[in-house]
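Visitor: Next comes the structure file input23.tsv, holding TSV, C-alpha atoms.
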chain	number	residue	atom	x	y	z
P	890	MET	CA	-54.65	27.08	52.57
P	891	PRO	CA	-52.15	26.87	49.69
P	892	GLU	CA	-53.20	28.29	46.33
P	893	THR	CA	-52.88	25.79	43.48
P	894	SER	CA	-52.85	26.92	39.85
P	895	TYR	CA	-52.59	25.01	36.58
P	896	GLY	CA	-51.82	26.04	33.01
P	897	TRP	CA	-49.55	26.11	29.97
P	898	GLU	CA	-46.14	27.65	30.58
P	899	SER	CA	-43.20	28.20	28.29
P	900	ILE	CA	-39.95	26.32	28.77
P	901	SER	CA	-38.21	29.70	29.00
P	902	ARG	CA	-40.37	30.68	31.97
P	903	LEU	CA	-39.86	27.28	33.60
P	904	LEU	CA	-36.09	27.48	33.13
P	905	ALA	CA	-36.08	30.94	34.72
P	906	ASP	CA	-37.82	29.33	37.68
P	907	ASP	CA	-36.76	26.02	39.25
P	908	LEU	CA	-37.31	23.59	36.34
P	909	GLU	CA	-33.77	22.24	36.44
P	910	ASP	CA	-34.08	21.39	40.16
P	911	ILE	CA	-37.38	19.53	39.75
P	912	ALA	CA	-36.07	17.79	36.59
P	913	ILE	CA	-33.15	16.42	38.63
P	914	GLU	CA	-35.55	15.24	41.37
P	915	HIS	CA	-37.67	13.56	38.68
P	916	TRP	CA	-34.64	11.90	37.06
P	917	TRP	CA	-33.32	10.54	40.38
P	918	GLU	CA	-36.70	9.05	41.17
P	919	VAL	CA	-37.59	7.40	37.86
P	920	ALA	CA	-34.66	7.08	35.46
P	921	LEU	CA	-33.07	3.78	34.54
P	922	ASP	CA	-29.39	3.41	33.66
P	923	LYS	CA	-28.34	6.55	35.54
P	924	GLY	CA	-24.70	5.45	35.40
P	925	ARG	CA	-24.77	5.17	31.60
P	926	VAL	CA	-27.25	7.88	30.60
P	927	PRO	CA	-26.81	11.14	32.49
P	928	LEU	CA	-29.60	13.71	32.58
P	929	ASN	CA	-28.82	16.26	29.88
P	930	PRO	CA	-32.00	17.82	28.45
P	931	ASP	CA	-31.76	19.75	25.20
P	932	TRP	CA	-33.62	22.82	26.47
P	933	ALA	CA	-32.93	24.71	23.23
P	934	LEU	CA	-34.65	21.96	21.23
P	935	TYR	CA	-37.65	22.03	23.60
P	936	GLN	CA	-37.85	25.80	23.03
P	937	GLN	CA	-37.61	25.35	19.25
P	938	LEU	CA	-40.36	22.69	19.25
P	939	GLU	CA	-42.49	24.92	21.44
P	940	ARG	CA	-42.08	27.83	18.97
P	941	ILE	CA	-43.31	25.71	16.06
P	942	GLY	CA	-46.28	24.38	18.06
P	943	VAL	CA	-45.31	20.74	18.50
P	944	PHE	CA	-44.46	20.90	22.22
P	945	LYS	CA	-46.54	22.12	25.17
P	946	ALA	CA	-45.77	22.11	28.90
P	947	PHE	CA	-48.73	22.03	31.31
P	948	VAL	CA	-47.80	22.72	34.92
P	949	CYS	CA	-49.08	22.81	38.46
P	950	ARG	CA	-47.94	25.50	40.89
P	951	VAL	CA	-48.61	25.74	44.60
P	952	ASP	CA	-48.25	29.22	46.06
P	953	GLY	CA	-46.30	30.11	42.92
P	954	ALA	CA	-43.75	27.29	43.26
P	955	LEU	CA	-43.50	24.64	40.56
P	956	ALA	CA	-45.04	21.46	41.98
P	957	GLY	CA	-45.44	19.28	38.89
P	958	TYR	CA	-45.83	19.06	35.15
P	959	VAL	CA	-47.08	17.04	32.24
P	960	TRP	CA	-45.46	17.69	28.84
P	961	PHE	CA	-46.76	16.76	25.42
P	962	PHE	CA	-45.48	16.46	21.88
P	963	LEU	CA	-48.28	17.39	19.47
P	964	ASN	CA	-48.65	16.25	15.90
P	965	ASP	CA	-51.28	15.67	13.28
P	966	HIS	CA	-51.96	11.96	13.09
P	967	ILE	CA	-50.86	10.54	9.75
P	968	HIS	CA	-53.58	7.85	9.79
P	969	TYR	CA	-56.44	9.98	11.13
P	970	LYS	CA	-56.68	13.55	9.85
P	971	THR	CA	-59.44	14.42	12.33
P	972	LEU	CA	-57.13	13.71	15.29
P	973	LEU	CA	-54.51	15.75	17.03
P	974	HIS	CA	-52.10	13.27	18.61
P	975	ALA	CA	-50.65	14.31	21.97
P	976	THR	CA	-47.85	12.07	23.19
P	977	CYS	CA	-46.89	12.56	26.81
P	978	ASP	CA	-43.17	13.19	27.09
P	979	VAL	CA	-42.93	13.32	30.89
P	980	PHE	CA	-45.11	13.85	33.92
P	981	TYR	CA	-44.07	14.43	37.50
P	982	LEU	CA	-45.48	15.63	40.78
P	983	ARG	CA	-43.25	16.41	43.71
P	984	PRO	CA	-43.81	13.77	46.43
P	985	GLY	CA	-45.64	16.16	48.78
P	986	MET	CA	-48.26	16.79	46.07
P	987	ARG	CA	-49.21	13.17	45.39
P	988	ARG	CA	-52.08	12.91	47.80
P	989	GLY	CA	-55.57	14.12	47.06
P	990	LEU	CA	-56.63	15.22	43.61
P	991	THR	CA	-53.62	17.25	42.44
P	992	GLY	CA	-52.42	14.71	39.85
P	993	TYR	CA	-55.96	13.98	38.69
P	994	THR	CA	-56.66	17.69	38.32
P	995	LEU	CA	-53.36	18.27	36.49
P	996	PHE	CA	-54.25	15.65	33.88
P	997	ARG	CA	-57.94	16.60	33.61
P	998	LEU	CA	-57.14	20.28	33.02
P	999	ALA	CA	-54.32	19.35	30.59
P	1000	GLU	CA	-56.86	17.27	28.64
P	1001	LYS	CA	-59.22	20.25	28.40
P	1002	ALA	CA	-56.37	22.50	27.30
P	1003	LEU	CA	-55.30	19.93	24.66
P	1004	ALA	CA	-58.89	19.72	23.42
P	1005	GLN	CA	-58.85	23.49	22.92
P	1006	VAL	CA	-55.59	23.25	20.97
P	1007	ALA	CA	-57.14	20.51	18.79
P	1008	LYS	CA	-60.22	22.65	18.18
P	1009	GLU	CA	-58.07	25.64	17.21
P	1010	ARG	CA	-56.24	23.41	14.71
P	1011	GLY	CA	-59.51	22.20	13.16
P	1012	ARG	CA	-59.39	18.72	14.65
P	1013	LYS	CA	-62.42	16.88	16.00
P	1014	MET	CA	-60.57	14.96	18.74
P	1015	VAL	CA	-57.29	14.69	20.54
P	1016	ARG	CA	-55.74	11.29	21.21
P	1017	ILE	CA	-53.51	11.30	24.26
P	1018	SER	CA	-50.85	8.63	24.62
P	1019	LEU	CA	-48.98	8.17	27.87
P	1020	ALA	CA	-47.07	5.45	29.67
P	1021	GLU	CA	-46.70	4.03	33.14
P	1022	LYS	CA	-43.15	3.16	34.18
P	1023	LEU	CA	-43.15	-0.59	34.81
P	1024	HIS	CA	-39.95	-0.50	36.87
P	1025	LEU	CA	-41.77	1.71	39.41
P	1026	ARG	CA	-44.72	-0.63	39.90
P	1027	ALA	CA	-43.44	-2.26	43.10
P	1028	LYS	CA	-42.81	1.16	44.61
P	1029	LEU	CA	-46.23	2.49	43.61
P	1030	GLN	CA	-48.32	-0.66	44.11
P	1031	SER	CA	-51.41	-0.41	46.27
P	1032	ALA	CA	-53.22	-3.12	48.20
P	1033	SER	CA	-55.52	-3.66	45.18
P	1034	GLY	CA	-52.56	-4.77	43.06
P	1035	LYS	CA	-52.78	-1.74	40.80
P	1036	THR	CA	-50.41	1.18	40.91
P	1037	THR	CA	-51.69	4.48	42.18
P	1038	ILE	CA	-50.82	6.10	38.85
P	1039	GLY	CA	-52.52	3.30	36.90
P	1040	ARG	CA	-55.68	3.70	38.98
P	1041	MET	CA	-55.64	7.44	38.35
P	1042	PHE	CA	-55.25	6.93	34.59
P	1043	GLU	CA	-58.20	4.51	34.58
P	1044	ARG	CA	-60.35	6.98	36.56
P	1045	LEU	CA	-59.52	9.55	33.91
P	1046	GLY	CA	-60.74	7.11	31.23
P	1047	TYR	CA	-57.41	5.86	29.88
P	1048	LYS	CA	-57.09	2.22	28.87
P	1049	PRO	CA	-53.90	0.15	28.65
P	1050	VAL	CA	-53.43	-0.55	24.94
P	1051	GLU	CA	-49.85	-1.69	24.34
P	1052	THR	CA	-46.59	-2.69	25.95
P	1053	ALA	CA	-43.42	-0.86	24.99
P	1054	TYR	CA	-39.95	-2.41	24.96
P	1055	TRP	CA	-36.61	-0.65	24.81
P	1056	LYS	CA	-32.93	-1.27	25.23
P	1057	LEU	CA	-29.69	0.69	25.06
P	1058	VAL	CA	-27.42	-0.15	22.14
P	1059	GLU	CA	-23.85	1.05	22.44
P	1060	VAL	CA	-22.39	2.91	19.43
Using C-alpha cells, write down the structure from this file.
Guide:
Amino acid sequence: MPETSYGWESISRLLADDLEDIAIEHWWEVALDKGRVPLNPDWALYQQLERIGVFKAFVCRVDGALAGYVWFFLNDHIHYKTLLHATCDVFYLRPGMRRGLTGYTLFRLAEKALAQVAKERGRKMVRISLAEKLHLRAKLQSASGKTTIGRMFERLGYKPVETAYWKLVEV
C-alpha cells in the first residue's frame, strides 16, 4: 500500500524535487490563454514571500513523490484584526490521486496547519478563500450537476460567496 504524507514544504525543497514538472502538468490542464500567457512562475518571489511569512505551500506526497499541493498567501485582515486571511493561490492533485479522500485530506490537514499558524500569530480564526475554475465545470461535472471539486469544498464546510471576473488587457 502506498504511503501518503502531508505537510508544509519550502519552495526550495519543492524546486529541488519535481515541482516544475507538476506545475507544467497543472498549467496544461487548467490555464486559460496559454497562447498569450506562458507559464513563467517567479520562484524567487515565492521564496522571498515564504521567508517573510506571507506564503506557505502545503503538499501531498505518495511514496515520497510529489502528488499534489495547495498554496496560500497569508495576511492579517485589514477589516478584522482577529483574523488571519489565507488566500489560496493554487491547488492541484495529479489525476491518479483524485479518487478517494486524498484531496479532502489535503485540504483538511492544510486547514489545521493554517489554524496553528493563526494561533501562533495571535489570531482567533483563519479565513480561507479559494476559487473553483468555472471553465473546468463541464469537465468536472458529476451526475448531480455539481462539480466534484465543488462538492468536496462544500463537504469541508466552504460556501460559495462571490463570483470573480477577469480579463486580459494588452499593454
Visitor: Enter the distance from CA of Ala1004 in chain P to CA of Pro984 in chain P, in Å, rounded to one decimal.
Guide: 28.1 Å
Visitor: Rank P:Lys1048, P:Asp931, P:Glu898, P:Trp917 by their smallest atom-to-atom distance to Ala1002 in chain P, using all atoms listed in the file, and report the top residue only.
Guide: P:Glu898
Visitor: At a cut-off of 7 Å, using all atoms listed in the file, what residues contact Thr971 in chain P? Leave out same-chain residues fewer than 6 positions from it and give the result as a PyMOL selection string.
Guide: chain P and resi 1012-1014
Visitor: Give me, please, the distance in Å between CA of Tyr969 in chain P and CA of Val1015 in chain P, quoted to one decimal.
Guide: 10.6 Å
Visitor: I'd like the contact shell of Ile911 in chain P - 12 Å cut-off, all atoms listed in the file, skipping same-chain residues fewer than 5 positions apart - returned as a VMD selection string.
Guide: chain P and resid 903 to 904 906 916 to 918 948 954 to 958 980 to 984
Visitor: Name the closest residue to Met890 in chain P among the candidates P:Val951, P:Leu938, P:Ala1007, P:Met1041; distances are taken between atoms, counting all atoms listed in the file.
Guide: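 Counting all atoms listed in the file, the residue closest to Met890 in chain P is P:Val951.
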Visitor: To one decimal in Å, tell me the separation between CA of Phe947 in chain P and CA of Leu998 in chain P.
Guide: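 These atoms are spaced 8.8 Å apart.
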Visitor: Could you check the closest approach to Lys970 in chain P for each of P:Gly992, P:Gly1011, P:Gly1046, P:Gly942 and tell me which residue wins, using all atoms listed in the file?
Guide: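 Looking only at the distances to Lys970 in chain P, the closest residue turns out to be P:Gly1011.
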Visitor: Looking at P:Val919, P:Leu1019, P:Val959, P:Cys977, which one is nearest to Tyr895 in chain P, with distances taken over all atoms listed in the file?
Guide: P:Val959
Visitor: Using all atoms listed in the file, which residue out of P:Ile900, P:Ala1020, P:Ala920, P:Ala975 lies closest to Glu939 in chain P?
Guide: P:Ile900
Visitor: Leaving out Asn929 in chain P and any residue of its chain fewer than 3 positions from it, which residues lie within 12 Å of it when counting all atoms listed in the file, given as a ChimeraX atom specification?
Guide: /P:909,912-913,916,923,925-926,932-934
Visitor: Counting all atoms listed in the file, which residue out of P:Val1050, P:Val979, P:Leu963, P:Met986 sits closest to Ile941 in chain P?
Guide: P:Leu963
Visitor: Missing atoms in range 1003-1014 of chain P need filling: write out all heavy atoms for it as a PDB file, in the frame of the given file.
Guide:
ATOM      1  N   LEU P1003     -55.650  20.602  25.932  1.00  0.00           N
ATOM      2  CA  LEU P1003     -55.300  19.930  24.660  1.00  0.00           C
ATOM      3  C   LEU P1003     -56.494  19.911  23.711  1.00  0.00           C
ATOM      4  O   LEU P1003     -56.327  20.081  22.501  1.00  0.00           O
ATOM      5  CB  LEU P1003     -54.807  18.512  24.926  1.00  0.00           C
ATOM      6  CG  LEU P1003     -53.414  18.388  25.522  1.00  0.00           C
ATOM      7  CD1 LEU P1003     -53.178  16.967  26.020  1.00  0.00           C
ATOM      8  CD2 LEU P1003     -52.344  18.794  24.519  1.00  0.00           C
ATOM      9  N   ALA P1004     -57.691  19.707  24.247  1.00  0.00           N
ATOM     10  CA  ALA P1004     -58.890  19.720  23.420  1.00  0.00           C
ATOM     11  C   ALA P1004     -59.070  21.088  22.762  1.00  0.00           C
ATOM     12  O   ALA P1004     -59.455  21.184  21.585  1.00  0.00           O
ATOM     13  CB  ALA P1004     -60.121  19.347  24.242  1.00  0.00           C
ATOM     14  N   GLN P1005     -58.756  22.148  23.488  1.00  0.00           N
ATOM     15  CA  GLN P1005     -58.850  23.490  22.920  1.00  0.00           C
ATOM     16  C   GLN P1005     -57.824  23.688  21.801  1.00  0.00           C
ATOM     17  O   GLN P1005     -58.130  24.260  20.760  1.00  0.00           O
ATOM     18  CB  GLN P1005     -58.658  24.545  24.021  1.00  0.00           C
ATOM     19  CG  GLN P1005     -58.819  25.969  23.531  1.00  0.00           C
ATOM     20  CD  GLN P1005     -60.195  26.248  22.951  1.00  0.00           C
ATOM     21  OE1 GLN P1005     -61.204  25.777  23.454  1.00  0.00           O
ATOM     22  NE2 GLN P1005     -60.240  27.010  21.865  1.00  0.00           N
ATOM     23  N   VAL P1006     -56.615  23.172  22.015  1.00  0.00           N
ATOM     24  CA  VAL P1006     -55.590  23.250  20.970  1.00  0.00           C
ATOM     25  C   VAL P1006     -56.074  22.496  19.718  1.00  0.00           C
ATOM     26  O   VAL P1006     -55.951  22.995  18.599  1.00  0.00           O
ATOM     27  CB  VAL P1006     -54.235  22.672  21.460  1.00  0.00           C
ATOM     28  CG1 VAL P1006     -53.240  22.531  20.317  1.00  0.00           C
ATOM     29  CG2 VAL P1006     -53.657  23.537  22.575  1.00  0.00           C
ATOM     30  N   ALA P1007     -56.632  21.302  19.918  1.00  0.00           N
ATOM     31  CA  ALA P1007     -57.140  20.510  18.790  1.00  0.00           C
ATOM     32  C   ALA P1007     -58.236  21.274  18.048  1.00  0.00           C
ATOM     33  O   ALA P1007     -58.244  21.320  16.803  1.00  0.00           O
ATOM     34  CB  ALA P1007     -57.655  19.159  19.275  1.00  0.00           C
ATOM     35  N   LYS P1008     -59.133  21.879  18.788  1.00  0.00           N
ATOM     36  CA  LYS P1008     -60.220  22.650  18.180  1.00  0.00           C
ATOM     37  C   LYS P1008     -59.665  23.808  17.362  1.00  0.00           C
ATOM     38  O   LYS P1008     -60.091  24.050  16.229  1.00  0.00           O
ATOM     39  CB  LYS P1008     -61.160  23.157  19.267  1.00  0.00           C
ATOM     40  CG  LYS P1008     -62.362  23.886  18.752  1.00  0.00           C
ATOM     41  CD  LYS P1008     -63.268  24.295  19.899  1.00  0.00           C
ATOM     42  CE  LYS P1008     -64.494  25.014  19.361  1.00  0.00           C
ATOM     43  NZ  LYS P1008     -65.390  25.414  20.451  1.00  0.00           N
ATOM     44  N   GLU P1009     -58.691  24.516  17.916  1.00  0.00           N
ATOM     45  CA  GLU P1009     -58.070  25.640  17.210  1.00  0.00           C
ATOM     46  C   GLU P1009     -57.378  25.190  15.924  1.00  0.00           C
ATOM     47  O   GLU P1009     -57.276  25.963  14.969  1.00  0.00           O
ATOM     48  CB  GLU P1009     -57.060  26.344  18.122  1.00  0.00           C
ATOM     49  CG  GLU P1009     -57.712  27.099  19.257  1.00  0.00           C
ATOM     50  CD  GLU P1009     -56.733  27.530  20.343  1.00  0.00           C
ATOM     51  OE1 GLU P1009     -55.505  27.304  20.199  1.00  0.00           O
ATOM     52  OE2 GLU P1009     -57.205  28.084  21.351  1.00  0.00           O
ATOM     53  N   ARG P1010     -56.922  23.939  15.896  1.00  0.00           N
ATOM     54  CA  ARG P1010     -56.240  23.410  14.710  1.00  0.00           C
ATOM     55  C   ARG P1010     -57.206  22.692  13.764  1.00  0.00           C
ATOM     56  O   ARG P1010     -56.783  22.033  12.812  1.00  0.00           O
ATOM     57  CB  ARG P1010     -55.124  22.454  15.129  1.00  0.00           C
ATOM     58  CG  ARG P1010     -54.013  23.187  15.868  1.00  0.00           C
ATOM     59  CD  ARG P1010     -52.883  22.274  16.202  1.00  0.00           C
ATOM     60  NE  ARG P1010     -51.865  22.971  16.974  1.00  0.00           N
ATOM     61  CZ  ARG P1010     -50.689  22.456  17.283  1.00  0.00           C
ATOM     62  NH1 ARG P1010     -50.361  21.240  16.872  1.00  0.00           N
ATOM     63  NH2 ARG P1010     -49.828  23.142  17.993  1.00  0.00           N
ATOM     64  N   GLY P1011     -58.504  22.791  14.038  1.00  0.00           N
ATOM     65  CA  GLY P1011     -59.510  22.200  13.160  1.00  0.00           C
ATOM     66  C   GLY P1011     -59.668  20.706  13.296  1.00  0.00           C
ATOM     67  O   GLY P1011     -60.191  20.055  12.396  1.00  0.00           O
ATOM     68  N   ARG P1012     -59.263  20.154  14.415  1.00  0.00           N
ATOM     69  CA  ARG P1012     -59.390  18.720  14.650  1.00  0.00           C
ATOM     70  C   ARG P1012     -60.662  18.439  15.450  1.00  0.00           C
ATOM     71  O   ARG P1012     -61.130  19.281  16.206  1.00  0.00           O
ATOM     72  CB  ARG P1012     -58.171  18.160  15.393  1.00  0.00           C
ATOM     73  CG  ARG P1012     -56.852  18.370  14.673  1.00  0.00           C
ATOM     74  CD  ARG P1012     -56.853  17.619  13.343  1.00  0.00           C
ATOM     75  NE  ARG P1012     -55.628  17.830  12.590  1.00  0.00           N
ATOM     76  CZ  ARG P1012     -55.531  18.624  11.536  1.00  0.00           C
ATOM     77  NH1 ARG P1012     -56.568  19.321  11.136  1.00  0.00           N
ATOM     78  NH2 ARG P1012     -54.406  18.737  10.885  1.00  0.00           N
ATOM     79  N   LYS P1013     -61.188  17.249  15.296  1.00  0.00           N
ATOM     80  CA  LYS P1013     -62.420  16.880  16.000  1.00  0.00           C
ATOM     81  C   LYS P1013     -62.144  16.226  17.353  1.00  0.00           C
ATOM     82  O   LYS P1013     -63.004  16.198  18.215  1.00  0.00           O
ATOM     83  CB  LYS P1013     -63.252  15.955  15.131  1.00  0.00           C
ATOM     84  CG  LYS P1013     -63.621  16.584  13.794  1.00  0.00           C
ATOM     85  CD  LYS P1013     -64.960  16.136  13.325  1.00  0.00           C
ATOM     86  CE  LYS P1013     -65.344  16.756  12.012  1.00  0.00           C
ATOM     87  NZ  LYS P1013     -65.599  18.159  12.043  1.00  0.00           N
ATOM     88  N   MET P1014     -60.935  15.653  17.503  1.00  0.00           N
ATOM     89  CA  MET P1014     -60.570  14.960  18.740  1.00  0.00           C
ATOM     90  C   MET P1014     -59.080  15.092  18.973  1.00  0.00           C
ATOM     91  O   MET P1014     -58.328  15.383  18.050  1.00  0.00           O
ATOM     92  CB  MET P1014     -60.907  13.463  18.649  1.00  0.00           C
ATOM     93  CG  MET P1014     -62.363  13.124  18.669  1.00  0.00           C
ATOM     94  SD  MET P1014     -62.574  11.344  18.482  1.00  0.00           S
ATOM     95  CE  MET P1014     -62.704  11.240  16.713  1.00  0.00           C
TER      96      MET P1014
END
